[in-house]
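Dumped entry29.txt below, it's compact mmCIF, C-alpha atoms and all ligand atoms:
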# COMPACT_ATOMS: atom_id res chain seq x y z
CA MET K 7 119.93 99.48 93.11
CA SER K 8 121.99 102.09 94.84
CA ALA K 9 121.80 103.28 98.40
CA MET K 10 118.06 102.94 98.17
CA SER K 11 118.24 99.43 99.43
CA THR K 12 118.99 100.76 102.86
CA ALA K 13 115.50 102.13 102.94
CA SER K 14 114.35 99.85 105.67
CA CYS K 15 112.21 101.36 108.35
CA GLN K 16 111.67 98.56 110.79
CA SER K 17 110.27 99.75 114.05
CA SER K 18 107.91 99.06 116.84
CA PRO K 19 104.18 99.15 116.33
CA ALA K 20 102.27 101.85 118.10
CA SER K 21 99.04 100.98 119.76
CA SER K 22 98.18 104.61 119.98
CA SER K 23 94.48 104.51 119.36
CA SER K 24 92.55 106.80 121.56
CA ALA K 25 89.01 107.97 121.12
CA SER K 26 90.14 111.39 119.93
CA THR K 27 92.31 109.99 117.13
CA LEU K 28 89.73 107.62 115.67
CA ASP K 29 88.10 108.55 112.42
CA ALA K 30 84.45 107.57 112.49
CA ASP K 31 83.57 108.47 108.87
CA PRO K 32 81.59 105.42 107.67
CA ARG K 33 81.98 106.15 103.94
CA GLU K 34 84.12 103.73 101.97
CA ASN K 35 87.55 104.94 100.91
CA LEU K 36 87.96 105.04 97.13
CA ILE K 37 91.72 104.74 97.53
CA GLY K 38 92.68 101.08 97.59
CA LEU K 39 89.81 99.81 95.46
CA SER K 40 90.82 98.02 92.27
CA ARG K 41 89.44 99.21 88.94
CA ASP K 42 86.99 96.29 88.97
CA GLU K 43 85.80 97.18 92.44
CA LEU K 44 85.34 100.79 91.38
CA ALA K 45 83.31 99.62 88.38
CA GLU K 46 81.09 97.54 90.67
CA ARG K 47 80.54 100.43 93.08
CA PHE K 48 79.76 102.83 90.24
CA ALA K 49 77.34 100.36 88.63
CA ALA K 50 75.49 100.18 91.95
CA LEU K 51 75.12 103.96 91.76
CA GLY K 52 73.81 103.69 88.19
CA GLU K 53 77.01 105.11 86.69
CA LYS K 54 78.68 103.94 83.47
CA PRO K 55 81.98 101.99 83.43
CA PHE K 56 83.84 104.79 81.56
CA ARG K 57 83.60 106.85 84.76
CA VAL K 58 86.13 104.51 86.32
CA LYS K 59 88.92 105.74 84.08
CA GLN K 60 88.03 109.37 84.76
CA VAL K 61 87.87 108.99 88.51
CA TRP K 62 90.98 106.77 88.58
CA SER K 63 92.93 109.50 86.83
CA TRP K 64 91.77 112.12 89.34
CA LEU K 65 92.71 109.89 92.25
CA TYR K 66 96.05 108.55 91.07
CA CYS K 67 97.29 110.87 88.35
CA HIS K 68 96.19 114.16 89.89
CA GLY K 69 96.13 113.03 93.48
CA VAL K 70 92.98 114.98 94.32
CA THR K 71 91.51 114.61 97.77
CA ASP K 72 88.26 116.42 97.06
CA PHE K 73 85.44 115.34 94.75
CA ALA K 74 84.83 118.98 93.80
CA ALA K 75 88.16 118.95 91.93
CA MET K 76 86.92 116.28 89.50
CA THR K 77 85.85 118.86 86.96
CA ASN K 78 85.00 116.52 84.08
CA VAL K 79 82.66 114.51 86.29
CA SER K 80 79.05 115.71 86.36
CA LYS K 81 77.87 117.59 89.42
CA ASP K 82 75.26 114.95 89.97
CA MET K 83 77.79 112.14 90.08
CA ARG K 84 80.16 114.15 92.25
CA ALA K 85 77.34 114.57 94.77
CA LYS K 86 76.67 110.82 94.70
CA LEU K 87 80.36 110.12 95.20
CA GLU K 88 80.55 112.55 98.09
CA ASP K 89 77.57 110.88 99.77
CA ASN K 90 78.96 107.38 99.48
CA PHE K 91 82.72 107.62 99.46
CA ARG K 92 85.70 109.46 100.77
CA ILE K 93 89.22 109.93 99.47
CA ALA K 94 91.42 109.28 102.45
CA ARG K 95 95.11 108.97 103.12
CA PRO K 96 96.86 108.02 106.33
CA THR K 97 97.36 111.18 108.37
CA LEU K 98 100.69 112.60 109.38
CA SER K 99 101.48 112.01 113.03
CA ARG K 100 105.16 113.01 113.09
CA GLU K 101 107.79 113.94 110.56
CA GLN K 102 111.58 113.99 110.78
CA ILE K 103 114.02 115.25 108.20
CA SER K 104 117.62 114.08 108.27
CA THR K 105 120.56 116.31 107.45
CA ASP K 106 121.14 114.10 104.39
CA GLY K 107 117.59 114.67 103.12
CA THR K 108 116.14 111.38 104.30
CA ARG K 109 112.64 111.99 105.52
CA LYS K 110 110.68 109.83 107.88
CA TRP K 111 106.97 110.02 108.50
CA LEU K 112 105.01 108.39 111.26
CA LEU K 113 101.60 107.86 109.68
CA ARG K 114 98.37 107.19 111.49
CA PHE K 115 95.61 105.01 110.12
CA LYS K 116 91.86 105.24 110.62
CA ASP K 117 91.88 103.02 113.72
CA GLY K 118 94.70 104.96 115.37
CA ASN K 119 97.47 102.47 114.60
CA GLU K 120 100.66 103.91 113.20
CA ALA K 121 103.53 102.81 110.96
CA GLU K 122 106.63 104.44 109.54
CA THR K 123 107.28 105.44 105.95
CA VAL K 124 110.70 106.68 104.86
CA TYR K 125 111.86 108.65 101.85
CA ILE K 126 115.47 108.18 100.84
CA PRO K 127 116.71 110.59 98.20
CA ASP K 128 119.43 109.75 95.74
CA ASP K 129 121.13 111.94 93.13
CA ASP K 130 118.35 112.25 90.58
CA ARG K 131 115.71 110.01 92.13
CA GLY K 132 114.55 108.57 95.42
CA ALA K 133 112.79 105.65 97.04
CA VAL K 134 109.79 105.56 99.31
CA CYS K 135 110.01 102.70 101.79
CA VAL K 136 106.55 101.48 102.75
CA SER K 137 105.31 99.27 105.57
CA THR K 138 102.87 96.41 105.01
CA GLN K 139 102.02 95.42 108.58
CA VAL K 140 101.89 97.02 112.00
CA GLY K 141 104.37 94.75 113.74
CA CYS K 142 105.40 91.36 112.33
CA THR K 143 104.61 87.74 113.10
CA LEU K 144 108.21 86.76 112.53
CA THR K 145 110.86 87.14 115.16
CA CYS K 146 114.15 87.73 113.36
CA ARG K 147 116.49 88.33 116.25
CA PHE K 148 118.34 91.33 114.80
CA CYS K 149 115.16 93.21 113.88
CA HIS K 150 113.40 95.63 116.19
CA THR K 151 110.03 95.05 114.54
CA GLY K 152 110.54 91.36 115.28
CA THR K 153 110.38 92.08 119.01
CA GLN K 154 106.80 93.27 118.57
CA MET K 155 103.65 91.26 118.08
CA LEU K 156 101.73 91.65 114.87
CA VAL K 157 98.99 94.20 115.51
CA ARG K 158 97.42 93.86 112.09
CA ASN K 159 97.95 93.77 108.35
CA LEU K 160 97.71 97.05 106.51
CA THR K 161 95.13 97.38 103.75
CA ALA K 162 95.95 98.17 100.12
CA ALA K 163 94.63 101.69 100.78
CA GLU K 164 97.02 102.10 103.68
CA ILE K 165 100.00 100.73 101.75
CA ALA K 166 99.40 102.73 98.56
CA GLY K 167 98.35 105.66 100.78
CA GLN K 168 101.85 105.84 102.27
CA PHE K 169 103.30 106.55 98.85
CA MET K 170 100.54 109.07 98.16
CA VAL K 171 101.27 110.96 101.36
CA ALA K 172 104.91 111.14 100.29
CA ARG K 173 103.82 112.53 96.92
CA ASP K 174 101.60 115.09 98.67
CA SER K 175 104.56 116.11 100.73
CA TYR K 176 106.82 116.61 97.71
CA GLY K 177 104.09 118.14 95.52
CA GLU K 178 104.58 115.44 92.88
CA TRP K 179 101.05 115.58 91.51
CA PRO K 180 100.01 115.32 88.79
CA THR K 181 102.12 112.39 87.68
CA PRO K 182 105.22 113.98 86.16
CA ASN K 183 107.49 112.42 83.58
CA GLU K 184 109.50 109.37 84.54
CA THR K 185 112.69 111.44 84.50
CA GLY K 186 111.39 114.32 86.57
CA ARG K 187 110.42 112.40 89.66
CA LEU K 188 111.98 112.73 93.06
CA LEU K 189 109.86 109.82 94.29
CA SER K 190 110.84 107.46 91.52
CA ASN K 191 111.02 104.11 93.33
CA VAL K 192 109.16 102.10 95.92
CA VAL K 193 110.81 99.63 98.24
CA VAL K 194 108.61 97.35 100.31
CA MET K 195 111.05 97.15 103.18
CA GLY K 196 109.25 98.81 106.02
CA MET K 197 107.56 97.19 108.97
CA GLY K 198 106.24 93.70 108.46
CA GLU K 199 106.60 90.74 106.12
CA PRO K 200 104.88 91.74 102.86
CA LEU K 201 104.36 88.16 101.70
CA PHE K 202 102.36 87.44 104.86
CA ASN K 203 100.03 90.22 103.76
CA TYR K 204 100.12 89.08 100.19
CA ASP K 205 96.78 90.10 98.70
CA GLU K 206 96.74 93.64 100.03
CA THR K 207 100.40 94.21 99.18
CA VAL K 208 99.99 92.99 95.60
CA LYS K 209 96.82 95.04 95.23
CA ALA K 210 98.59 98.17 96.47
CA LEU K 211 101.56 97.63 94.16
CA GLY K 212 99.13 97.06 91.28
CA ILE K 213 97.70 100.50 91.99
CA LEU K 214 101.14 102.12 92.10
CA ILE K 215 102.19 100.68 88.74
CA ASP K 216 98.88 101.25 86.95
CA PRO K 217 99.77 103.18 83.78
CA ASP K 218 96.73 105.47 83.99
CA GLY K 219 97.63 106.62 87.47
CA ILE K 220 100.84 106.82 89.45
CA SER K 221 102.39 104.64 86.75
CA LEU K 222 105.59 103.57 88.44
CA SER K 223 107.48 101.12 86.29
CA ARG K 224 107.55 97.58 87.70
CA ARG K 225 111.32 97.86 87.54
CA ARG K 226 111.20 100.63 90.08
CA VAL K 227 109.45 98.52 92.67
CA THR K 228 111.40 96.20 94.98
CA LEU K 229 109.82 93.88 97.50
CA SER K 230 111.89 92.45 100.33
CA THR K 231 110.99 89.15 101.93
CA SER K 232 112.44 87.10 104.73
CA GLY K 233 111.87 84.07 102.48
CA VAL K 234 108.21 83.02 102.42
CA VAL K 235 108.95 80.49 99.69
CA PRO K 236 105.46 79.55 98.36
CA ARG K 237 104.52 83.22 98.12
CA MET K 238 107.69 84.00 96.17
CA TYR K 239 106.37 81.73 93.43
CA ASP K 240 102.98 83.48 93.62
CA LEU K 241 104.62 86.89 93.36
CA GLY K 242 106.66 85.78 90.37
CA ARG K 243 103.43 84.79 88.67
CA ASP K 244 101.17 87.66 89.78
CA LEU K 245 103.42 90.70 89.87
CA PRO K 246 107.11 90.00 89.22
CA VAL K 247 108.59 93.12 90.75
CA ASN K 248 112.26 93.25 91.76
CA LEU K 249 112.96 90.84 94.54
CA ALA K 250 115.13 91.36 97.59
CA VAL K 251 115.66 88.46 99.95
CA SER K 252 116.82 88.85 103.53
CA LEU K 253 119.43 86.14 103.58
CA HIS K 254 121.65 87.08 106.52
CA ALA K 255 123.31 83.67 106.85
CA ALA K 256 124.98 81.15 104.59
CA THR K 257 124.09 78.01 106.55
CA ASP K 258 120.83 76.63 107.91
CA ASP K 259 122.46 76.34 111.27
CA ILE K 260 123.05 80.07 111.65
CA ARG K 261 119.94 81.15 109.76
CA ASP K 262 117.74 78.96 111.99
CA GLN K 263 119.06 80.84 114.98
CA ILE K 264 118.63 84.37 113.71
CA MET K 265 115.63 83.94 111.39
CA PRO K 266 113.17 81.36 112.68
CA ILE K 267 111.35 81.29 109.33
CA ASN K 268 114.33 79.30 108.06
CA LYS K 269 113.08 76.26 109.98
CA LYS K 270 109.98 76.30 107.81
CA TYR K 271 111.64 77.27 104.52
CA PRO K 272 115.30 76.27 104.70
CA LEU K 273 118.02 77.61 102.45
CA LYS K 274 117.76 74.89 99.82
CA GLU K 275 114.10 75.71 99.16
CA LEU K 276 114.75 79.44 99.37
CA MET K 277 117.57 79.30 96.85
CA LYS K 278 115.46 77.19 94.50
CA ALA K 279 112.69 79.81 94.64
CA CYS K 280 115.27 82.50 93.85
CA ARG K 281 116.63 80.52 90.93
CA GLU K 282 113.13 80.12 89.56
CA TYR K 283 112.01 83.71 90.14
CA PRO K 284 110.85 84.94 86.75
CA GLY K 285 112.71 87.75 85.10
CA ALA K 286 115.82 87.37 87.23
CA SER K 287 118.68 88.13 84.86
CA ASN K 288 121.96 89.97 84.97
CA ALA K 289 120.09 93.14 84.14
CA ARG K 290 117.52 92.47 86.87
CA ARG K 291 119.33 90.75 89.66
CA ILE K 292 117.89 89.49 92.92
CA THR K 293 119.26 91.43 95.87
CA PHE K 294 120.43 89.41 98.85
CA GLU K 295 120.38 91.51 101.96
CA TYR K 296 122.96 90.56 104.51
CA VAL K 297 123.09 92.22 107.92
CA MET K 298 126.60 92.24 109.37
CA LEU K 299 126.52 90.75 112.88
CA LYS K 300 129.77 90.69 114.78
CA GLY K 301 131.06 87.16 115.35
CA ILE K 302 127.84 85.59 114.06
CA ASN K 303 127.84 85.65 110.27
CA ASP K 304 130.79 87.84 109.26
CA SER K 305 133.81 85.55 108.78
CA ASP K 306 135.69 84.92 105.53
CA ALA K 307 134.32 81.37 105.64
CA ASP K 308 130.78 82.81 105.79
CA ALA K 309 131.51 84.95 102.73
CA ARG K 310 132.84 81.94 100.83
CA ALA K 311 129.84 79.81 101.84
CA LEU K 312 127.58 82.61 100.69
CA ALA K 313 129.23 82.71 97.28
CA LYS K 314 128.76 78.97 96.96
CA LEU K 315 125.11 79.23 97.93
CA ALA K 316 124.37 81.97 95.41
CA LYS K 317 126.32 80.42 92.56
CA GLY K 318 124.39 80.61 89.30
CA ILE K 319 121.73 83.01 90.61
CA PRO K 320 121.73 86.43 88.93
CA CYS K 321 122.16 88.36 92.15
CA LYS K 322 124.06 90.92 94.15
CA PHE K 323 124.56 91.36 97.86
CA ASN K 324 123.75 94.39 99.93
CA LEU K 325 125.82 94.35 103.07
CA LEU K 326 123.91 96.14 105.80
CA PRO K 327 125.80 97.34 108.86
CA PHE K 328 123.69 96.16 111.78
CA ASN K 329 121.57 99.02 113.10
CA LYS K 330 121.67 98.49 116.84
CA TRP K 331 118.59 99.14 118.95
CA PRO K 332 118.29 99.23 122.73
CA GLY K 333 118.41 95.68 124.07
CA ALA K 334 119.58 94.16 120.77
CA PRO K 335 121.43 90.88 121.32
CA PHE K 336 124.06 91.63 118.64
CA GLU K 337 126.80 94.09 117.78
CA CYS K 338 127.58 95.43 114.34
CA SER K 339 130.68 93.90 112.76
CA ASP K 340 133.75 96.13 112.78
CA TRP K 341 134.14 98.27 109.69
CA ASP K 342 137.32 96.56 108.47
CA ARG K 343 135.62 93.17 108.87
CA ILE K 344 132.71 94.36 106.72
CA GLU K 345 135.14 95.63 104.09
CA ARG K 346 137.05 92.36 104.12
CA PHE K 347 133.77 90.43 103.79
CA ALA K 348 132.84 92.57 100.76
CA ASP K 349 136.29 91.96 99.26
CA VAL K 350 135.98 88.18 99.59
CA LEU K 351 132.59 88.25 97.84
CA ALA K 352 133.95 90.58 95.15
CA SER K 353 136.94 88.31 94.57
CA LEU K 354 134.50 85.47 93.96
CA GLY K 355 132.67 87.52 91.34
CA PHE K 356 129.81 89.03 93.34
CA SER K 357 128.84 92.66 93.57
CA ALA K 358 128.60 93.33 97.30
CA PRO K 359 128.36 97.02 98.12
CA ILE K 360 128.26 98.09 101.74
CA ARG K 361 125.16 100.14 102.26
CA ILE K 362 126.04 103.24 104.18
CA PRO K 363 123.02 103.81 106.36
CA ARG K 364 121.16 106.95 105.34
CA GLY K 365 119.46 109.31 107.69
CA ARG K 366 121.56 108.11 110.60
CA ASP K 367 120.53 111.10 112.68
CA ILE K 368 116.86 110.19 112.49
CA LEU K 369 117.08 106.44 111.93
CA ALA K 370 119.83 105.80 114.45
CA ALA K 371 117.43 103.87 116.59
CA CYS K 372 114.71 102.32 114.52
CA GLY K 373 111.28 103.11 115.82
CA GLN K 374 112.63 106.15 117.58
CA LEU K 375 110.09 108.43 116.02
CA LYS K 376 107.28 106.22 117.13
CA SER K 377 108.67 105.70 120.60
CA GLU K 378 109.10 109.44 120.98
CA SER K 379 105.58 109.97 119.81
CA LEU K 380 104.30 107.51 122.39
CA ARG K 381 106.45 109.07 125.08
CA ASP K 382 105.12 112.54 124.31
CA ARG K 383 101.58 111.29 124.48
CA LEU K 384 102.23 109.52 127.74
CA LYS K 385 103.64 112.76 129.16
CA GLU K 386 100.51 114.61 128.04
CA VAL K 387 98.27 112.05 129.74
CA GLN K 388 100.35 112.22 132.93
CA ALA K 389 100.26 116.03 132.89
CA ARG K 390 96.49 115.99 132.45
CA LYS K 391 96.14 113.47 135.27
CA ALA K 392 98.32 115.61 137.54
CA GLU K 393 96.25 118.71 136.69
CA ALA K 394 93.04 116.82 137.48
CA GLU K 395 94.48 115.64 140.80
CA VAL K 396 95.49 119.21 141.73
CA GLY K 397 91.97 120.33 140.78
CA ASP K 398 90.42 117.56 142.92
CA ALA K 399 92.66 118.44 145.86
CA ALA K 400 91.73 122.13 145.55
CA GLN K 401 88.04 121.24 145.52
CA GLY K 402 88.36 118.81 148.41
N1 LIG F 1 110.14 91.67 106.38
C1 LIG F 1 110.87 91.92 105.21
C2 LIG F 1 111.02 93.40 104.89
C3 LIG F 1 111.30 94.35 106.01
S1 LIG F 1 112.86 94.41 106.74
C4 LIG F 1 112.22 91.26 105.28
O1 LIG F 1 112.57 90.76 106.33
O2 LIG F 1 112.89 91.21 104.25
C5 LIG F 1 113.91 95.24 105.57
C6 LIG F 1 115.39 94.81 105.70
O3 LIG F 1 116.01 95.36 106.87
C7 LIG F 1 115.55 93.31 105.80
O4 LIG F 1 116.61 92.87 105.02
C8 LIG F 1 115.87 93.15 107.26
O5 LIG F 1 116.50 91.93 107.50
C9 LIG F 1 116.74 94.33 107.52
N2 LIG F 1 116.91 94.65 108.94
C10 LIG F 1 116.06 94.40 109.96
N3 LIG F 1 116.56 94.83 111.12
C11 LIG F 1 117.77 95.37 110.83
C12 LIG F 1 118.78 95.99 111.64
N4 LIG F 1 118.62 96.15 112.94
N5 LIG F 1 119.90 96.43 111.02
C13 LIG F 1 120.06 96.30 109.68
N6 LIG F 1 119.13 95.73 108.87
C14 LIG F 1 117.99 95.27 109.44
FE1 LIG F 2 111.88 92.15 110.78
FE2 LIG F 2 112.06 89.58 110.14
FE3 LIG F 2 109.67 90.77 110.23
FE4 LIG F 2 111.43 91.38 108.24
S1 LIG F 2 110.44 89.40 108.64
S2 LIG F 2 110.21 92.82 109.49
S3 LIG F 2 113.36 91.27 109.35
S4 LIG F 2 111.02 90.41 111.98

Spit out the file's structure as structure tokens when you get a sec.
Ligand code: SAH
Ligand code: SF4
Amino acid sequence: MSAMSTASCQSSPASSSSASTLDADPRENLIGLSRDELAERFAALGEKPFRVKQVWSWLYCHGVTDFAAMTNVSKDMRAKLEDNFRIARPTLSREQISTDGTRKWLLRFKDGNEAETVYIPDDDRGAVCVSTQVGCTLTCRFCHTGTQMLVRNLTAAEIAGQFMVARDSYGEWPTPNETGRLLSNVVVMGMGEPLFNYDETVKALGILIDPDGISLSRRRVTLSTSGVVPRMYDLGRDLPVNLAVSLHAATDDIRDQIMPINKKYPLKELMKACREYPGASNARRITFEYVMLKGINDSDADARALAKLAKGIPCKFNLLPFNKWPGAPFECSDWDRIERFADVLASLGFSAPIRIPRGRDILAACGQLKSESLRDRLKEVQARKAEAEVGDAAQG
């Protein structure tokens, strides 16, 4: 992968639900249902199974949001669909566009919770970075999301919906040719640990790669995990997409300190799961993400230990300059240290590009968009309160 691997959008969860933002529509969302679930729902309405393919194509190939647009579906069935279902995406809460074309959306879900989705363009393609949870149960010490409690898992509809919103935004419906797509890749590197929301994540990715719909190639999907070992085996069996592993340390000692999940699944087990990940080959290498933390994991000895650890695994490293956030307990390694680290790995036969962070102006502080959004809302509430107090005083 190229610079796309920097498409992480870790940030803080927003507990922004307020009565006015809640969507009370009780109809079930068609987005996020599997084909089998659609068939069940349609059978309950007395509709034939072949309707599934038709409706699926409208939803995921054409991206329609209105039943009236389903012109080859009978009026009668459209009315039934309208009565029972809706076609809903997350709604846009905020949007930021970087000078380098990176685009970041703060998306709001039905219950008012929000998460970030990022689009990172490359020369002739681009990756959409999706979130799988609001918050995270893990507490990796370099990660801003890790400072937040898990609010909840996202549903398949909400995960696939993030990609669909991005497509809406770029007008990429109906599904164009593989070569013509701006939104060509998906990276599951946003908020949350995708393998702790396994079923919904796999279901969402299944929707994105379905050949009758959005039809992304499996090779254009990369999932990043902090190393939930048993689920890596499950993923390899159920949906062997490209795998990225947040490694960040070459010894258990250091990894235990910065990624507590290492105490549960130490490096030996993690490396075994990587070795056994199906489809890993020189053409389809596992990506090891490695955040450069000054004085913690960035010495020549660390680089050599890393090479030893990864020996025999078809892999490459992505060196990520640490993206500092307010209150972060680390500094980013100096640039010449990062370059030296990359050189040591290269001299030992590993590809180890340094990922220049994209969209610095909007991603500079992860979660900034969301924090700003919360701040603005807080200001509004305070202003309204002040107005009410002035009104009360005038009346009194
Ligand atoms: N939970 C998953 C995916 C989301 S994080 C995981 O941990 O892999 C996506 C990537 O961004 C991970 O490699 C993560 O370690 C990295 N990351 C988190 N915080 C970072 C920061 N402040 N600077 C640079 N990379 C960071
Ligand atoms: Fe951040 Fe760790 Fe959670 Fe990934 S697993 S989102 S790095 S806290």

Chain K residues near ligand LIG 1 (chain F) within 7 Å, closest pair each, using only C-alpha atoms and all ligand atoms, as CSV:
residue,atom,partner,partner_atom,distance
K:Ser14,CA,F:LIG1,C5,4.6
K:Cys15,CA,F:LIG1,C5,6.9
K:Gln16,CA,F:LIG1,S1,5.9
K:Phe148,CA,F:LIG1,N4,5.2
K:Cys149,CA,F:LIG1,N3,3.5
K:His150,CA,F:LIG1,N3,6.0
K:Val194,CA,F:LIG1,C2,6.5
K:Met195,CA,F:LIG1,C3,4.0
K:Gly196,CA,F:LIG1,C3,4.9
K:Met197,CA,F:LIG1,C3,5.6
K:Gly198,CA,F:LIG1,N1,4.9
K:Glu199,CA,F:LIG1,N1,3.7
K:Pro200,CA,F:LIG1,N1,6.3
K:Ser230,CA,F:LIG1,O2,4.2
K:Thr231,CA,F:LIG1,O2,3.6
K:Ser232,CA,F:LIG1,O1,4.0
K:Val251,CA,F:LIG1,O2,5.8
K:Ser252,CA,F:LIG1,O4,4.3
K:Glu295,CA,F:LIG1,O4,5.0
K:Tyr296,CA,F:LIG1,O4,6.8
K:Val297,CA,F:LIG1,N6,5.4
K:Leu326,CA,F:LIG1,C13,5.5
K:Pro327,CA,F:LIG1,C13,5.9
K:Phe328,CA,F:LIG1,N5,3.9
K:Asn329,CA,F:LIG1,N5,3.7
K:Lys330,CA,F:LIG1,N4,5.5
K:Trp331,CA,F:LIG1,N4,6.7

Those residues with C-alpha atoms, as a PDB file, keeping the file's coordinate frame please?
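Result written to out27.pdb:
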ATOM      1  CA  SER K  14     114.350  99.850 105.670  1.00  0.00           C
ATOM      2  CA  CYS K  15     112.210 101.360 108.350  1.00  0.00           C
ATOM      3  CA  GLN K  16     111.670  98.560 110.790  1.00  0.00           C
ATOM      4  CA  PHE K 148     118.340  91.330 114.800  1.00  0.00           C
ATOM      5  CA  CYS K 149     115.160  93.210 113.880  1.00  0.00           C
ATOM      6  CA  HIS K 150     113.400  95.630 116.190  1.00  0.00           C
ATOM      7  CA  VAL K 194     108.610  97.350 100.310  1.00  0.00           C
ATOM      8  CA  MET K 195     111.050  97.150 103.180  1.00  0.00           C
ATOM      9  CA  GLY K 196     109.250  98.810 106.020  1.00  0.00           C
ATOM     10  CA  MET K 197     107.560  97.190 108.970  1.00  0.00           C
ATOM     11  CA  GLY K 198     106.240  93.700 108.460  1.00  0.00           C
ATOM     12  CA  GLU K 199     106.600  90.740 106.120  1.00  0.00           C
ATOM     13  CA  PRO K 200     104.880  91.740 102.860  1.00  0.00           C
ATOM     14  CA  SER K 230     111.890  92.450 100.330  1.00  0.00           C
ATOM     15  CA  THR K 231     110.990  89.150 101.930  1.00  0.00           C
ATOM     16  CA  SER K 232     112.440  87.100 104.730  1.00  0.00           C
ATOM     17  CA  VAL K 251     115.660  88.460  99.950  1.00  0.00           C
ATOM     18  CA  SER K 252     116.820  88.850 103.530  1.00  0.00           C
ATOM     19  CA  GLU K 295     120.380  91.510 101.960  1.00  0.00           C
ATOM     20  CA  TYR K 296     122.960  90.560 104.510  1.00  0.00           C
ATOM     21  CA  VAL K 297     123.090  92.220 107.920  1.00  0.00           C
ATOM     22  CA  LEU K 326     123.910  96.140 105.800  1.00  0.00           C
ATOM     23  CA  PRO K 327     125.800  97.340 108.860  1.00  0.00           C
ATOM     24  CA  PHE K 328     123.690  96.160 111.780  1.00  0.00           C
ATOM     25  CA  ASN K 329     121.570  99.020 113.100  1.00  0.00           C
ATOM     26  CA  LYS K 330     121.670  98.490 116.840  1.00  0.00           C
ATOM     27  CA  TRP K 331     118.590  99.140 118.950  1.00  0.00           C
TER      28      TRP K 331
END

Given the choices K:Pro55, K:Pro332, K:Pro266, K:Pro127, which gets closest to ligand LIG 2 (chain F) if the distance is worked out from only C-alpha atoms and all ligand atoms?
K:Pro266

From the options K:Ser190, K:Thr108, K:Ser99, K:Thr145, which residue's atoms come nearest to Asp130 (chain K), counting all atoms listed in the file?
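Comparing K:Ser190, K:Thr108, K:Ser99, K:Thr145 against Asp130 (chain K), the winner is K:Ser190.
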
Pick from K:Arg364, K:Arg281, K:His254, K:His68 nearest to Arg147 (chain K), counting all atoms listed in the file:
K:His254

For ligand LIG 2 (chain F), which residue out of K:Leu315, K:Leu222, K:Asp304, K:Met265 is the nearest one, using only C-alpha atoms and all ligand atoms?
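Of all the options, K:Met265 lies closest to ligand LIG 2 (chain F).
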